[in-house]
>>> print(open('final-v4.cif').read())   # mmCIF, C-alpha atoms
data_structure
#
loop_
_atom_site.label_atom_id
_atom_site.label_comp_id
_atom_site.auth_asym_id
_atom_site.auth_seq_id
_atom_site.Cartn_x
_atom_site.Cartn_y
_atom_site.Cartn_z
CA MET T 1 4.37 -21.05 -36.20
CA ILE T 2 2.34 -23.89 -37.74
CA GLU T 3 5.15 -26.37 -37.01
CA LEU T 4 5.09 -25.40 -33.36
CA THR T 5 1.33 -25.95 -33.25
CA ILE T 6 1.69 -29.41 -34.79
CA ILE T 7 4.44 -30.32 -32.31
CA SER T 8 2.27 -29.07 -29.44
CA TRP T 9 -0.64 -31.26 -30.53
CA ILE T 10 1.66 -34.29 -30.86
CA MET T 11 3.02 -33.67 -27.36
CA ALA T 12 -0.50 -33.24 -25.98
CA PHE T 13 -1.59 -36.61 -27.39
CA LEU T 14 1.61 -38.26 -26.07
CA VAL T 15 0.95 -36.93 -22.58
CA ILE T 16 -2.71 -37.98 -22.62
CA GLY T 17 -1.87 -41.45 -23.94
CA ALA T 18 0.85 -41.96 -21.35
CA ALA T 19 -1.49 -40.81 -18.57
CA ILE T 20 -4.29 -43.15 -19.65
CA TYR T 21 -1.83 -46.04 -19.88
CA ALA T 22 -0.45 -45.20 -16.44
CA ILE T 23 -3.92 -45.38 -14.93
CA GLU T 24 -5.22 -48.40 -16.78
CA THR T 25 -2.33 -50.88 -16.75
CA LYS T 26 -2.17 -53.59 -14.09
CA ASP T 27 1.62 -53.56 -13.88
CA LEU T 28 2.61 -50.89 -11.37
CA ILE T 29 6.18 -50.53 -12.65
CA SER T 30 4.85 -49.86 -16.15
CA ALA T 31 2.47 -47.33 -14.62
CA ALA T 32 5.31 -45.51 -12.86
CA ILE T 33 7.39 -45.44 -16.04
CA ALA T 34 4.42 -44.14 -18.06
CA ALA T 35 3.91 -41.36 -15.50
CA GLY T 36 7.61 -40.51 -15.89
CA VAL T 37 7.20 -40.34 -19.68
CA ALA T 38 4.25 -37.96 -19.22
CA SER T 39 6.40 -35.78 -16.96
CA LEU T 40 9.22 -35.77 -19.49
CA VAL T 41 6.95 -34.64 -22.34
CA VAL T 42 5.41 -32.00 -20.06
CA SER T 43 8.91 -30.69 -19.41
CA ILE T 44 9.37 -30.22 -23.18
CA MET T 45 6.06 -28.32 -23.13
CA PHE T 46 7.49 -26.07 -20.39
CA LEU T 47 10.44 -25.37 -22.66
CA VAL T 48 8.08 -24.43 -25.51
CA LEU T 49 6.17 -22.16 -23.11
CA GLN T 50 9.40 -20.21 -22.42
CA ALA T 51 10.01 -21.55 -18.91
CA PRO T 52 13.53 -23.06 -19.04
CA ASP T 53 14.04 -23.07 -15.26
CA VAL T 54 10.91 -25.11 -14.71
CA ALA T 55 11.79 -27.37 -17.64
CA ILE T 56 15.14 -28.32 -16.10
CA THR T 57 13.54 -28.95 -12.72
CA GLU T 58 10.70 -31.02 -14.12
CA ALA T 59 13.02 -33.09 -16.32
CA SER T 60 15.33 -34.01 -13.46
CA ILE T 61 12.77 -34.32 -10.65
CA GLY T 62 9.50 -35.31 -12.32
CA ALA T 63 10.95 -37.70 -14.83
CA GLY T 64 14.01 -38.91 -12.95
CA LEU T 65 13.72 -38.92 -9.19
CA THR T 66 9.95 -39.38 -8.83
CA MET T 67 10.00 -42.37 -11.14
CA ALA T 68 12.97 -43.83 -9.27
CA ILE T 69 11.38 -43.53 -5.83
CA PHE T 70 8.14 -44.99 -7.18
CA VAL T 71 10.07 -47.96 -8.59
CA TYR T 72 11.92 -48.42 -5.28
CA ALA T 73 8.67 -48.34 -3.32
CA ILE T 74 7.00 -50.78 -5.73
CA GLY T 75 9.99 -53.07 -5.36
CA ARG T 76 9.46 -53.04 -1.60
CA THR T 77 5.72 -53.73 -1.73
CA GLY T 78 4.28 -55.58 -4.70
CA ARG T 79 4.40 -55.29 -8.44
CA TRP T 80 0.95 -56.33 -9.58
CA GLU T 81 -2.37 -54.66 -9.01
CA GLU T 82 -5.26 -57.03 -8.38
CA MET G 1 -5.64 -19.59 -27.68
CA MET G 2 -3.30 -22.31 -26.51
CA TRP G 3 -5.61 -25.25 -26.94
CA PRO G 4 -3.05 -28.12 -26.88
CA GLU G 5 -1.75 -27.07 -23.47
CA TYR G 6 -5.20 -26.44 -22.00
CA ILE G 7 -6.54 -29.76 -23.27
CA THR G 8 -3.50 -31.51 -21.77
CA VAL G 9 -4.16 -29.80 -18.44
CA ALA G 10 -7.84 -30.74 -18.41
CA ALA G 11 -7.08 -34.32 -19.45
CA LEU G 12 -4.35 -34.78 -16.83
CA ILE G 13 -6.52 -33.46 -14.02
CA SER G 14 -9.56 -35.51 -15.11
CA ILE G 15 -7.55 -38.70 -15.59
CA GLY G 16 -6.00 -38.23 -12.17
CA LEU G 17 -9.43 -37.65 -10.66
CA TYR G 18 -10.72 -40.82 -12.31
CA GLY G 19 -7.76 -42.77 -10.97
CA VAL G 20 -8.29 -41.51 -7.44
CA MET G 21 -11.99 -42.35 -7.58
CA ALA G 22 -11.99 -45.68 -9.39
CA LYS G 23 -8.79 -47.46 -8.40
CA LYS G 24 -8.38 -49.47 -5.23
CA ASN G 25 -4.65 -49.93 -5.18
CA LEU G 26 -2.99 -47.26 -3.04
CA MET G 27 0.13 -47.10 -5.20
CA LYS G 28 -2.06 -46.44 -8.24
CA ILE G 29 -3.82 -43.67 -6.34
CA PHE G 30 -0.48 -42.00 -5.64
CA ILE G 31 0.51 -42.27 -9.30
CA ALA G 32 -2.80 -40.60 -10.19
CA LEU G 33 -2.14 -37.82 -7.66
CA SER G 34 1.29 -37.18 -9.15
CA LEU G 35 -0.30 -36.90 -12.62
CA MET G 36 -2.78 -34.34 -11.24
CA GLU G 37 0.08 -32.38 -9.74
CA THR G 38 1.83 -32.25 -13.12
CA GLY G 39 -1.39 -30.97 -14.66
CA VAL G 40 -1.76 -28.16 -12.14
CA ASN G 41 1.85 -27.09 -12.68
CA LEU G 42 1.30 -27.01 -16.44
CA LEU G 43 -1.86 -24.92 -15.92
CA LEU G 44 0.01 -22.27 -13.95
CA ILE G 45 2.79 -22.01 -16.51
CA THR G 46 0.31 -21.85 -19.39
CA ILE G 47 -1.67 -19.02 -17.81
CA GLY G 48 1.53 -17.04 -17.35
CA TYR G 49 2.54 -17.44 -20.99
CA ILE G 50 2.23 -14.43 -23.26
CA PRO G 51 2.21 -14.99 -27.03
CA GLY G 52 5.44 -13.75 -28.52
CA GLY G 53 7.19 -13.40 -25.19
CA THR G 54 10.62 -14.78 -24.38
CA ALA G 55 11.96 -16.38 -21.21
CA PRO G 56 12.34 -13.86 -18.35
CA ILE G 57 16.11 -13.58 -18.60
CA GLU G 58 17.21 -10.10 -19.48
CA ASN G 59 19.31 -9.98 -22.62
CA GLY G 60 18.71 -6.51 -23.96
CA ASN G 61 17.31 -7.49 -27.34
CA PHE G 62 13.70 -8.32 -26.59
CA ALA G 63 11.17 -6.12 -24.90
CA LYS G 64 8.51 -8.69 -24.11
CA TYR G 65 8.93 -11.39 -21.51
CA VAL G 66 6.57 -14.01 -20.16
CA ASP G 67 5.29 -13.70 -16.61
CA PRO G 68 8.07 -14.81 -14.20
CA LEU G 69 5.89 -15.16 -11.10
CA PRO G 70 4.12 -18.49 -11.93
CA GLN G 71 7.48 -19.93 -12.95
CA ALA G 72 8.97 -19.16 -9.53
CA LEU G 73 5.88 -20.66 -7.88
CA VAL G 74 6.01 -23.86 -9.94
CA LEU G 75 9.77 -24.23 -9.44
CA THR G 76 9.26 -24.66 -5.72
CA ALA G 77 6.00 -26.61 -6.13
CA ILE G 78 7.75 -29.39 -8.07
CA VAL G 79 10.34 -29.94 -5.33
CA ILE G 80 7.63 -29.86 -2.64
CA GLY G 81 5.65 -32.41 -4.67
CA LEU G 82 8.61 -34.79 -4.76
CA SER G 83 9.18 -34.58 -1.01
CA VAL G 84 5.49 -35.09 -0.23
CA THR G 85 5.40 -38.07 -2.60
CA ALA G 86 8.43 -39.56 -0.86
CA LEU G 87 6.78 -39.20 2.55
CA ALA G 88 3.56 -40.74 1.23
CA LEU G 89 5.45 -43.69 -0.25
CA THR G 90 7.20 -44.18 3.08
CA LEU G 91 3.84 -44.39 4.85
CA LEU G 92 2.71 -46.80 2.13
CA ILE G 93 5.68 -49.10 2.73
CA TRP G 94 4.84 -49.01 6.43
CA TYR G 95 1.20 -49.88 5.71
CA HIS G 96 2.31 -52.78 3.53
CA SER G 97 4.60 -54.13 6.21
CA LYS G 98 1.75 -54.03 8.74
CA THR G 99 -1.12 -55.44 6.65
CA GLY G 100 0.61 -57.26 3.80
CA THR G 101 -1.50 -55.69 1.09
CA LEU G 102 -2.01 -52.42 -0.74
CA GLU G 103 -5.63 -52.94 -1.75
CA TYR G 104 -7.95 -50.56 0.02
CA ARG G 105 -11.29 -52.32 0.09
CA ARG G 106 -13.27 -51.61 3.20
CA GLY G 107 -13.52 -47.85 2.94
CA MET G 108 -14.98 -47.56 -0.55
CA ARG G 109 -18.17 -49.52 -0.87
CA TRP G 110 -20.23 -47.67 -3.44
CA MET V 1 -20.72 -49.46 -11.01
CA ARG V 2 -17.93 -47.56 -9.33
CA LYS V 3 -16.00 -47.24 -12.58
CA VAL V 4 -19.04 -45.96 -14.48
CA VAL V 5 -19.75 -43.27 -11.89
CA ALA V 6 -16.07 -42.30 -11.86
CA ILE V 7 -15.94 -42.03 -15.66
CA ILE V 8 -19.09 -39.87 -15.72
CA LEU V 9 -17.77 -37.57 -12.98
CA ALA V 10 -14.33 -37.27 -14.60
CA SER V 11 -15.82 -36.46 -18.02
CA ALA V 12 -18.08 -33.83 -16.50
CA PHE V 13 -15.06 -32.33 -14.76
CA PHE V 14 -13.15 -32.36 -18.06
CA ALA V 15 -15.98 -30.47 -19.76
CA VAL V 16 -16.19 -27.93 -16.94
CA LEU V 17 -12.43 -27.36 -17.10
CA LEU V 18 -12.51 -26.85 -20.87
CA VAL V 19 -15.38 -24.37 -20.65
CA SER V 20 -13.63 -22.39 -17.94
CA PHE V 21 -10.32 -22.43 -19.83
CA SER V 22 -11.96 -21.03 -22.96
CA ASN V 23 -12.56 -17.76 -21.10
CA ILE V 24 -8.89 -17.22 -20.26
CA GLN V 25 -7.26 -14.48 -22.26
CA GLN V 26 -3.52 -14.66 -22.75
CA ALA V 27 -3.29 -10.97 -21.95
CA ASP V 28 -0.21 -8.87 -22.05
CA TYR V 29 0.47 -7.49 -18.60
CA GLY V 30 1.31 -4.10 -20.03
CA GLU V 31 -2.23 -3.66 -21.33
CA LYS V 32 -4.86 -1.56 -19.68
CA GLU V 33 -6.99 -4.30 -18.17
CA TYR V 34 -4.14 -5.33 -15.93
CA TYR V 35 -4.43 -2.35 -13.61
CA TYR V 36 -4.93 -3.43 -10.02
CA GLN V 37 -6.85 -1.72 -7.27
CA ASN V 38 -5.02 -1.08 -4.04
CA PRO V 39 -7.06 -2.67 -1.24
CA ILE V 40 -5.96 -0.15 1.39
CA ASN V 41 -6.68 3.26 -0.07
CA GLY V 42 -8.70 2.32 -3.16
CA SER V 43 -6.37 3.89 -5.69
CA TYR V 44 -5.47 2.16 -8.90
CA ALA V 45 -1.89 1.03 -9.15
CA ASN V 46 -0.08 2.16 -12.20
CA GLU V 47 1.68 -1.10 -12.87
CA SER V 48 1.03 -4.76 -12.20
CA VAL V 49 3.21 -7.09 -10.16
CA PRO V 50 4.79 -8.96 -13.10
CA SER V 51 5.64 -5.79 -14.99
CA HIS V 52 7.27 -4.42 -11.84
CA TYR V 53 9.37 -7.57 -11.60
CA ILE V 54 10.26 -7.46 -15.27
CA SER V 55 11.29 -3.83 -15.41
CA ASN V 56 13.02 -3.48 -12.03
CA THR V 57 14.74 -6.81 -11.42
CA LYS V 58 18.07 -5.79 -12.85
CA ASN V 59 18.28 -2.50 -10.96
CA GLU V 60 16.95 -3.71 -7.65
CA THR V 61 18.64 -7.09 -7.28
CA GLY V 62 21.41 -7.18 -9.85
CA ALA V 63 20.31 -10.57 -11.15
CA VAL V 64 19.64 -11.13 -14.83
CA ASN V 65 17.29 -14.08 -14.39
CA ALA V 66 13.98 -12.75 -13.07
CA VAL V 67 12.83 -16.14 -11.78
CA THR V 68 15.92 -16.46 -9.59
CA ALA V 69 15.43 -12.93 -8.30
CA ILE V 70 11.84 -13.73 -7.31
CA VAL V 71 12.69 -17.06 -5.67
CA VAL V 72 15.66 -15.84 -3.65
CA GLU V 73 15.21 -12.11 -3.20
CA TYR V 74 11.61 -10.94 -3.46
CA ARG V 75 10.14 -14.08 -1.92
CA GLY V 76 13.13 -15.43 -0.03
CA PHE V 77 11.15 -16.07 3.11
CA ASP V 78 8.83 -18.35 1.17
CA THR V 79 11.87 -20.27 -0.08
CA LEU V 80 13.13 -20.65 3.49
CA GLY V 81 9.79 -22.20 4.44
CA GLU V 82 9.90 -24.44 1.41
CA VAL V 83 13.36 -25.71 2.32
CA THR V 84 11.97 -26.39 5.79
CA VAL V 85 9.18 -28.50 4.28
CA LEU V 86 11.79 -30.46 2.33
CA PHE V 87 13.83 -30.98 5.49
CA THR V 88 10.75 -32.18 7.39
CA ALA V 89 9.88 -34.65 4.64
CA ALA V 90 13.43 -36.03 4.54
CA THR V 91 13.40 -36.36 8.33
CA GLY V 92 10.08 -38.20 8.21
CA VAL V 93 11.33 -40.60 5.55
CA SER V 94 14.48 -41.47 7.48
CA PHE V 95 12.51 -41.70 10.74
CA LEU V 96 9.96 -44.16 9.40
CA LEU V 97 12.29 -46.27 7.26
CA TYR V 98 14.84 -47.35 9.81
CA LYS V 99 17.28 -49.83 8.41
CA THR V 100 16.00 -53.37 8.39
CA ARG V 101 18.57 -55.84 7.25
CA GLY V 102 17.42 -58.41 4.76
CA GLY V 103 15.42 -58.32 1.59
CA LYS V 104 15.65 -59.90 -1.79
CA LYS V 105 18.97 -60.48 -3.45
CA ARG V 106 19.38 -58.27 -6.45
CA THR V 107 21.23 -59.22 -9.57
CA GLU V 108 24.52 -57.49 -10.18
CA ALA V 109 24.70 -54.87 -12.89
CA ASN V 110 26.96 -55.67 -15.81
CA LEU V 111 30.47 -54.35 -16.29
CA ILE V 112 29.65 -51.66 -18.86
CA LEU V 113 27.01 -50.04 -16.64
CA LYS V 114 29.31 -50.12 -13.61
CA GLU V 115 32.36 -48.61 -15.29
CA GLY V 116 30.28 -46.21 -17.37
CA SER V 117 28.48 -44.79 -14.37
CA LYS V 118 31.79 -44.38 -12.56
CA LEU V 119 33.04 -42.46 -15.59
CA VAL V 120 29.93 -40.29 -15.97
CA LEU V 121 29.38 -39.38 -12.28
CA PRO V 122 31.95 -36.50 -12.08
CA PHE V 123 30.45 -34.86 -15.14
CA ILE V 124 26.93 -35.08 -13.71
CA LEU V 125 28.13 -33.50 -10.46
CA LEU V 126 29.95 -30.79 -12.45
CA THR V 127 26.78 -30.05 -14.43
CA GLY V 128 24.77 -29.74 -11.23
CA ALA V 129 27.34 -27.41 -9.69
CA TYR V 130 27.40 -25.29 -12.85
CA ILE V 131 23.60 -25.05 -12.82
CA PHE V 132 23.40 -23.78 -9.27
CA ILE V 133 26.45 -21.51 -9.35
CA HIS V 134 25.16 -19.71 -12.45
CA GLY V 135 21.60 -19.52 -11.15
CA HIS V 136 21.38 -15.73 -11.40
CA LEU V 137 22.71 -15.60 -14.96
CA THR V 138 21.30 -18.58 -16.83
CA PRO V 139 18.22 -20.80 -16.44
CA GLY V 140 18.58 -23.02 -13.42
CA GLY V 141 19.42 -22.47 -9.80
CA GLY V 142 19.58 -24.34 -6.56
CA PHE V 143 16.57 -26.58 -6.98
CA PRO V 144 17.40 -27.98 -10.47
CA GLY V 145 21.10 -28.19 -9.64
CA GLY V 146 20.47 -30.12 -6.46
CA ALA V 147 18.13 -32.45 -8.33
CA VAL V 148 20.80 -33.11 -10.97
CA ILE V 149 23.34 -33.93 -8.24
CA ALA V 150 20.84 -36.26 -6.57
CA SER V 151 20.18 -38.02 -9.87
CA GLY V 152 23.93 -38.56 -10.22
CA PHE V 153 23.99 -40.36 -6.89
CA LEU V 154 20.84 -42.23 -7.95
CA LEU V 155 22.76 -43.53 -10.96
CA MET V 156 25.43 -44.88 -8.61
CA MET V 157 22.74 -46.52 -6.47
CA LEU V 158 21.24 -48.17 -9.54
CA SER V 159 24.49 -49.60 -10.82
CA TYR V 160 26.02 -50.60 -7.48
CA PRO V 161 23.46 -52.33 -5.22
CA LYS V 162 25.72 -51.92 -2.20
CA PHE V 163 26.35 -48.19 -2.67
CA PHE V 164 25.28 -46.13 0.33
CA MET V 165 25.38 -42.45 1.05
CA LYS V 166 27.54 -41.74 4.07
CA GLU V 167 24.98 -40.58 6.59
CA ARG V 168 27.34 -38.38 8.57
CA ALA V 169 28.51 -36.53 5.44
CA VAL V 170 24.94 -36.06 4.19
CA SER V 171 23.67 -34.69 7.49
CA VAL V 172 26.67 -32.38 7.94
CA THR V 173 26.26 -30.98 4.41
CA GLU V 174 22.55 -30.49 4.90
CA SER V 175 22.79 -28.73 8.24
CA MET V 176 25.69 -26.53 7.15
CA ALA V 177 23.71 -25.40 4.10
CA GLY V 178 20.62 -24.68 6.19
CA ILE V 179 22.67 -22.76 8.77
CA THR V 180 24.26 -20.71 5.97
CA PHE V 181 20.84 -19.75 4.59
CA ALA V 182 19.44 -18.68 7.96
CA PHE V 183 22.67 -16.95 8.99
CA ILE V 184 22.75 -14.82 5.82
CA GLY V 185 19.15 -13.89 6.52
CA LEU V 186 20.11 -12.78 10.03
CA LEU V 187 23.07 -10.79 8.64
CA GLY V 188 20.54 -8.97 6.49
CA LEU V 189 18.74 -8.08 9.70
CA VAL V 190 21.99 -6.68 11.09
CA PHE V 191 23.48 -4.80 8.13
CA ALA V 192 20.27 -3.87 6.31
CA SER V 193 16.77 -3.30 7.53
CA SER V 194 14.99 -6.64 7.30
CA PHE V 195 15.44 -10.39 7.28
CA LEU V 196 17.02 -11.83 4.10
CA GLN V 197 17.62 -8.39 2.64
CA ASN V 198 20.55 -7.86 0.34
CA PHE V 199 23.47 -6.22 2.12
CA LEU V 200 26.32 -6.97 -0.29
CA PRO V 201 27.14 -4.70 -3.26
CA LEU V 202 25.19 -5.56 -6.39
CA GLY V 203 28.08 -5.35 -8.83
CA ASP V 204 27.76 -5.40 -12.62
CA ALA V 205 24.81 -7.40 -13.82
CA GLY V 206 25.84 -10.32 -15.97
CA TYR V 207 29.04 -11.25 -14.14
CA ILE V 208 29.28 -14.22 -11.83
CA LEU V 209 30.28 -12.12 -8.81
CA SER V 210 27.21 -9.95 -8.83
CA ALA V 211 23.71 -9.78 -7.38
CA GLY V 212 24.85 -9.68 -3.76
CA ILE V 213 23.60 -12.57 -1.65
CA ILE V 214 21.71 -14.40 -4.41
CA PRO V 215 24.59 -16.72 -5.54
CA ILE V 216 25.52 -17.56 -1.93
CA ILE V 217 21.98 -18.49 -0.98
CA TYR V 218 21.44 -20.45 -4.16
CA ILE V 219 24.65 -22.43 -3.63
CA ALA V 220 23.47 -23.25 -0.10
CA ILE V 221 20.06 -24.31 -1.46
CA GLY V 222 21.77 -26.44 -4.09
CA PHE V 223 23.80 -28.35 -1.48
CA LYS V 224 20.77 -28.72 0.76
CA VAL V 225 18.42 -29.98 -1.96
CA GLY V 226 21.05 -32.32 -3.39
CA SER V 227 21.86 -33.94 -0.05
CA GLU V 228 18.22 -34.22 1.00
CA LEU V 229 16.98 -35.74 -2.25
CA SER V 230 19.85 -38.22 -2.38
CA SER V 231 19.22 -39.22 1.23
CA ILE V 232 15.51 -39.74 0.41
CA ALA V 233 16.41 -41.98 -2.54
CA ASP V 234 18.97 -43.78 -0.39
CA LYS V 235 16.46 -44.47 2.38
CA LEU V 236 13.77 -45.71 -0.01
CA LYS V 237 16.22 -48.11 -1.66
CA GLU V 238 15.83 -51.70 -0.64
CA VAL V 239 18.50 -52.67 1.84
CA GLN V 240 20.89 -55.41 0.77
CA LYS V 241 22.41 -57.99 2.99
#
>>> encode(input="final-v4.cif", output="structure tokens")
Amino acid sequence: MIELTIISWIMAFLVIGAAIYAIETKDLISAAIAAGVASLVVSIMFLVLQAPDVAITEASIGAGLTMAIFVYAIGRTGRWEE
Amino acid sequence: MMWPEYITVAALISIGLYGVMAKKNLMKIFIALSLMETGVNLLLITIGYIPGGTAPIENGNFAKYVDPLPQALVLTAIVIGLSVTALALTLLIWYHSKTGTLEYRRGMRW
Amino acid sequence: MRKVVAIILASAFFAVLLVSFSNIQQADYGEKEYYYQNPINGSYANESVPSHYISNTKNETGAVNAVTAIVVEYRGFDTLGEVTVLFTAATGVSFLLYKTRGGKKRTEANLILKEGSKLVLPFILLTGAYIFIHGHLTPGGGFPGGAVIASGFLLMMLSYPKFFMKERAVSVTESMAGITFAFIGLLGLVFASSFLQNFLPLGDAGYILSAGIIPIIYIAIGFKVGSELSSIADKLKEVQK
């Protein structure tokens, strides 16, 4: 069980780091991709928490489609935050 | 106690709250809202987890399953979140085509 | 000034959340403290809602996966409303983003990406179909399967800038799936006692032709979610000349 605890802490720090980067960077495309990385790691956490249905959904929607529509919308408006 | 998951939840919700309060770019505010939504979903799943339980798919060997009700709730909440985000981004593209900017200055002067 | 206030407020919220989370007990729902009081007659129920779902899913619905049974059978009306929300959002997106010709010229993808995505697309669609057909047996169901199908079409949109979903095909698929869902619900009103109730035989749990109306409804949801999400991604894509 100790390995699982270590992996959970590593995933927690990955998610927090990706979230802070997504908020603080000036490049909006990087921010969208960092939010997608956070979603992907959270989907692995769902798998560890014995929720495989939610893990599949989060991996395909949260990390794939949400990131894609954010990138499309950023491409239509503007890439850089002032 | 499941401290890694709970700390992740608290950090995601607080970081999203900070982004909504401090940022002026509307796209950044929507990214922060999507992070908050991920945090709330993770909170629901974590509360439903039972130590030692397996996924709620009956296989005859295990007697203890995790709570299936939050999982069903979150399964639909993720899809709803995507559709609401898409509608919000559509309104954002419209706003950009009318005003030419995404910075939201006049409303927040504090 | 604004950033400082925001950081202070967010840290205070973080502390409040951590303090409130430290009181949560990961309790087993079979334990004694999980007894619920009935609000109508004041008696204490002998079992909680999750333990009812866990112990009776297989006998009552015939599905092995309890999450699928809750989404489609126990709370099917909620799912119908949720699909309606999805439909409304897709309608709003395509209403507001009418096609404006023009836009920046995008660079062509290279040959390996083009041919590789053409090669991979059938397998992605097959995986999505497998996920939503086996929704009552394995993890998955209509929502993840539809999302996988939509991400397959998204891959085509990324590698071919001029790839468009055929609007007529998308809208026909979507409305047929929605009509199937509502019509099966009405058949439940006719052959059984209430809307969306199971009226087909349950069969042997664990086989693909079992669990009554659950596979049919989940296949309809899979088609509906897949077509709606791919039409949303298609509408948000920048239009090429």
>>> residues_around(input="final-v4.cif", residues="range 68-80 of chain T", least_positions_apart="4", cutoff="6 Å", atoms="all atoms listed in the file", output="ChimeraX atom specification")
/T:27-28 /V:237
>>> resolve_selection(input="final-v4.cif", expression="the PyMOL selection byres ((chain T) within 6 of (chain V))", output="ChimeraX atom specification")
/T:52-53,57,72
>>> resolve_selection(input="final-v4.cif", expression="the PyMOL selection byres ((chain G and resi 22-39) around 7)", output="list in words")
Ile23, Ala32, Ala35, Ser39 and Glu81 of chain T; Val9, Leu12, Ile13, Gly16, Tyr18, Gly19, Val20, Met21, Val40, Asn41, Leu42, Leu43, Leu102, Glu103, Tyr104 and Arg105 of chain G; Arg2, Lys3 and Ala6 of chain V
>>> closest_atom_pairs(input="final-v4.cif", of="chain G", to="chain T", cutoff="6 Å", atoms="all atoms listed in the file", output="tab-separated table")
residue	atom	partner	partner_atom	distance
G:Pro4	CA	T:Trp9	CA	5.4
G:Thr8	CA	T:Ala12	CA	5.5
G:Thr54	CA	T:Gln50	CA	5.9
G:Ala55	CA	T:Gln50	CA	4.8
G:Leu75	CA	T:Val54	CA	5.5
>>> closest_residue(input="final-v4.cif", among="G:Thr46, G:Leu91, G:Ile57, G:Val74", to="chain V", atoms="all atoms listed in the file")
G:Ile57
>>> interface_residues(input="final-v4.cif", of="chain V", to="chain G", cutoff="6 Å", atoms="only C-alpha atoms", output="PyMOL selection string")
chain V and resi 3+6+10+14+17+26+50+64-67+71+86+89+93
>>> atom_distance(input="final-v4.cif", atom1="CA of Leu113 in chain V", atom2="CA of Ser159 in chain V")
6.4 Å
>>> atom_distance(input="final-v4.cif", atom1="CA of Thr57 in chain V", atom2="CA of Asn198 in chain V")
13.2 Å
>>> atom_distance(input="final-v4.cif", atom1="CA of Leu111 in chain V", atom2="CA of Leu125 in chain V")
21.8 Å
>>> resolve_selection(input="final-v4.cif", expression="the PyMOL selection byres ((chain V and resi 61) around 8)", output="PyMOL selection string")
chain V and resi 57-60+62-63+69+73+198+202+211-212
>>> decode(input="final-v4.cif", residues="range 83-87 of chain G", atoms="all heavy atoms", output="PDB file, in the first residue's frame")
ATOM      1  N   SER G  83     -20.393  20.551 -22.310  1.00  0.00           N
ATOM      2  CA  SER G  83     -21.333  21.281 -23.173  1.00  0.00           C
ATOM      3  C   SER G  83     -21.492  22.720 -22.702  1.00  0.00           C
ATOM      4  O   SER G  83     -21.584  23.638 -23.521  1.00  0.00           O
ATOM      5  CB  SER G  83     -22.671  20.561 -23.214  1.00  0.00           C
ATOM      6  OG  SER G  83     -23.227  20.510 -21.933  1.00  0.00           O
ATOM      7  N   VAL G  84     -21.472  22.940 -21.384  1.00  0.00           N
ATOM      8  CA  VAL G  84     -21.578  24.305 -20.878  1.00  0.00           C
ATOM      9  C   VAL G  84     -20.337  25.114 -21.246  1.00  0.00           C
ATOM     10  O   VAL G  84     -20.432  26.285 -21.645  1.00  0.00           O
ATOM     11  CB  VAL G  84     -21.812  24.269 -19.353  1.00  0.00           C
ATOM     12  CG1 VAL G  84     -21.682  25.637 -18.761  1.00  0.00           C
ATOM     13  CG2 VAL G  84     -23.173  23.731 -19.064  1.00  0.00           C
ATOM     14  N   THR G  85     -19.157  24.463 -21.175  1.00  0.00           N
ATOM     15  CA  THR G  85     -17.932  25.144 -21.590  1.00  0.00           C
ATOM     16  C   THR G  85     -17.980  25.529 -23.055  1.00  0.00           C
ATOM     17  O   THR G  85     -17.558  26.623 -23.433  1.00  0.00           O
ATOM     18  CB  THR G  85     -16.726  24.237 -21.322  1.00  0.00           C
ATOM     19  OG1 THR G  85     -16.752  23.853 -19.964  1.00  0.00           O
ATOM     20  CG2 THR G  85     -15.437  24.957 -21.603  1.00  0.00           C
ATOM     21  N   ALA G  86     -18.520  24.621 -23.902  1.00  0.00           N
ATOM     22  CA  ALA G  86     -18.596  24.928 -25.327  1.00  0.00           C
ATOM     23  C   ALA G  86     -19.508  26.114 -25.585  1.00  0.00           C
ATOM     24  O   ALA G  86     -19.192  27.006 -26.386  1.00  0.00           O
ATOM     25  CB  ALA G  86     -19.097  23.699 -26.093  1.00  0.00           C
ATOM     26  N   LEU G  87     -20.641  26.171 -24.859  1.00  0.00           N
ATOM     27  CA  LEU G  87     -21.552  27.300 -25.043  1.00  0.00           C
ATOM     28  C   LEU G  87     -20.909  28.601 -24.573  1.00  0.00           C
ATOM     29  O   LEU G  87     -21.027  29.653 -25.224  1.00  0.00           O
ATOM     30  CB  LEU G  87     -22.850  27.029 -24.283  1.00  0.00           C
ATOM     31  CG  LEU G  87     -24.026  27.929 -24.610  1.00  0.00           C
ATOM     32  CD1 LEU G  87     -24.288  27.866 -26.087  1.00  0.00           C
ATOM     33  CD2 LEU G  87     -25.233  27.500 -23.858  1.00  0.00           C
TER      34      LEU G  87
END
